[in-house]
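What follows is a set of notes on a single structure, which appears directly below.
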Amino acid sequence: MNTSAPRTPPSSVPSPTRLLEIATTASGAAADYIRSLDRDHLGREYKTSSHDIVTEHDRASEEIIVSELRRLLPTCRIVGEEGGERPAGEGSAEAGGPVVSFYVDPIDGTSNFAAGLPLFCVSIGVAVDDELVAGVIDAPILGQIFSAADGPAMLNGVPISPRSTNAPADALLLTGFPGQRDALEFPELAARAHVEIHQEHSAVRHLGTAALELAYVAAGWADATALASINAWDIAAGFHLIERAGGSIRTWPGRDRSDRPAHLHPAYVACTGPERLGLLDQLHEQVQEVRDADL
């Protein structure tokens, strides 16, 4: 476990660069733990269904991350996939200052992880109040660390060069939309969307990890990614990477029409450049219309 990063005094709000250092230290500690595991015989449990699993190592990884974040920034708020919300510590909101929140997915792509595939990652996004300011996505087995603060997005310390979004006929999508949840929520739209997306675009691939899909779009390895049902811990880091790499993101608020930041919305389409893929945006507008009609 890396313990070299100095502890931040409780009364200060660190810079984005410092917050990225803290997140990277925590994700690196979890990645070291994951690499040490024998992944040939992993037990699994079901959270909501057979499509939503968890392992003891998801929980252990999150506890490692939480321990490091609390050590380095005791005043922080942590929102984790397995442990839920851990409120900000003393000396933050009580003093009227900004709250630093870490959105933690200890293993994004748990089904891949449990099956022995290398397509999974540790994802930590950082927000000051409602604004994302840093993020790190660490794929431990692939040796890929994507990160960004207030400078360019980086892959293993090398800046990512922005590029344009390809036209649909040449576009590669990384997406699980429409997925199993979508088929249950809006079956007719999901069936039509599946056909239209595959007809409109050059290729469609689903990696089984939203965080890595966002990182790969940020890197310019794919043109877009989209989902209609997601949580902040899956996407906070990836959203920041996309922005710092010159990409574009649209989100939709779902059934909760309260004023929330984009990374708390359940639906999004992210593109590697400023150019948009119109069909994906149109389909998500239609998803929002279905959800509005159900209110």
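By order of appearance in the structure tokens: chains A, B, ..., then residues from 1 within every chain, and ligands from 1 in the order shown.
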* **Every residue of range 62-290 of chain A that DSSP places in helix (DSSP H, G or I), as a ChimeraX atom specification** => /A:62-72,93-95,110-115,168-170,180-185,187-200,210-218,232-244,262-264,278-290
Please report as a tab-separated table every residue of range 96-183 of chain A lying within 6 Å of range 215-230 of chain A, along with the nearest atom pair and their distance in Å (one decimal), using only C-alpha atoms.
```
residue	atom	partner	partner_atom	distance
A:Ile160	CA	A:Ala219	CA	5.9
A:Thr165	CA	A:Asp223	CA	5.4
A:Ala171	CA	A:Asp223	CA	5.6
A:Leu172	CA	A:Ala222	CA	5.2
A:Leu173	CA	A:Ala224	CA	5.0
A:Leu174	CA	A:Thr225	CA	4.9
A:Thr175	CA	A:Thr225	CA	5.1
A:Phe177	CA	A:Leu227	CA	5.2
```
* Contacts of range 67-71 of chain A at 8 Å (only C-alpha atoms; same-chain gap of 6+ positions) as a list of chain:residue names -> A:Arg7, A:Ile22, A:Ala23, A:Thr25, A:Ala26
* Quick one: everything within 8 Å of range 129-142 of chain A, counting only C-alpha atoms, minus sequence neighbours fewer than 3 positions away in the same chain. Send it as an NGL selection string. => :A and (16-17 or 19-20 or 23-24 or 27-28 or 31-32 or 34-35 or 98-101 or 118-126 or 145-150 or 211-212 or 215 or 236-238 or 240-241 or 261)
Counting only C-alpha atoms, give me one row per residue of range 143-196 of chain A with an atom at most 8 Å from an atom of range 278-291 of chain A, showing the shortest contact pair and its distance in Å to one decimal, sorted by chain then residue number, as a tab-separated table.
```
residue	atom	partner	partner_atom	distance
A:Phe186	CA	A:Val290	CA	7.6
A:Leu189	CA	A:Val287	CA	7.7
A:Ala193	CA	A:Leu283	CA	6.9
```
Store the residues picked out above, limited to C-alpha atoms, as a short mmCIF file (atom, residue, chain, number, x, y, z; two decimals), in the first residue's frame.
```
data_model
loop_
_atom_site.label_atom_id
_atom_site.label_comp_id
_atom_site.auth_asym_id
_atom_site.auth_seq_id
_atom_site.Cartn_x
_atom_site.Cartn_y
_atom_site.Cartn_z
CA PHE A 186 -39.30 0.50 -22.07
CA LEU A 189 -38.20 1.60 -27.51
CA ALA A 193 -33.12 1.36 -30.49
#
```
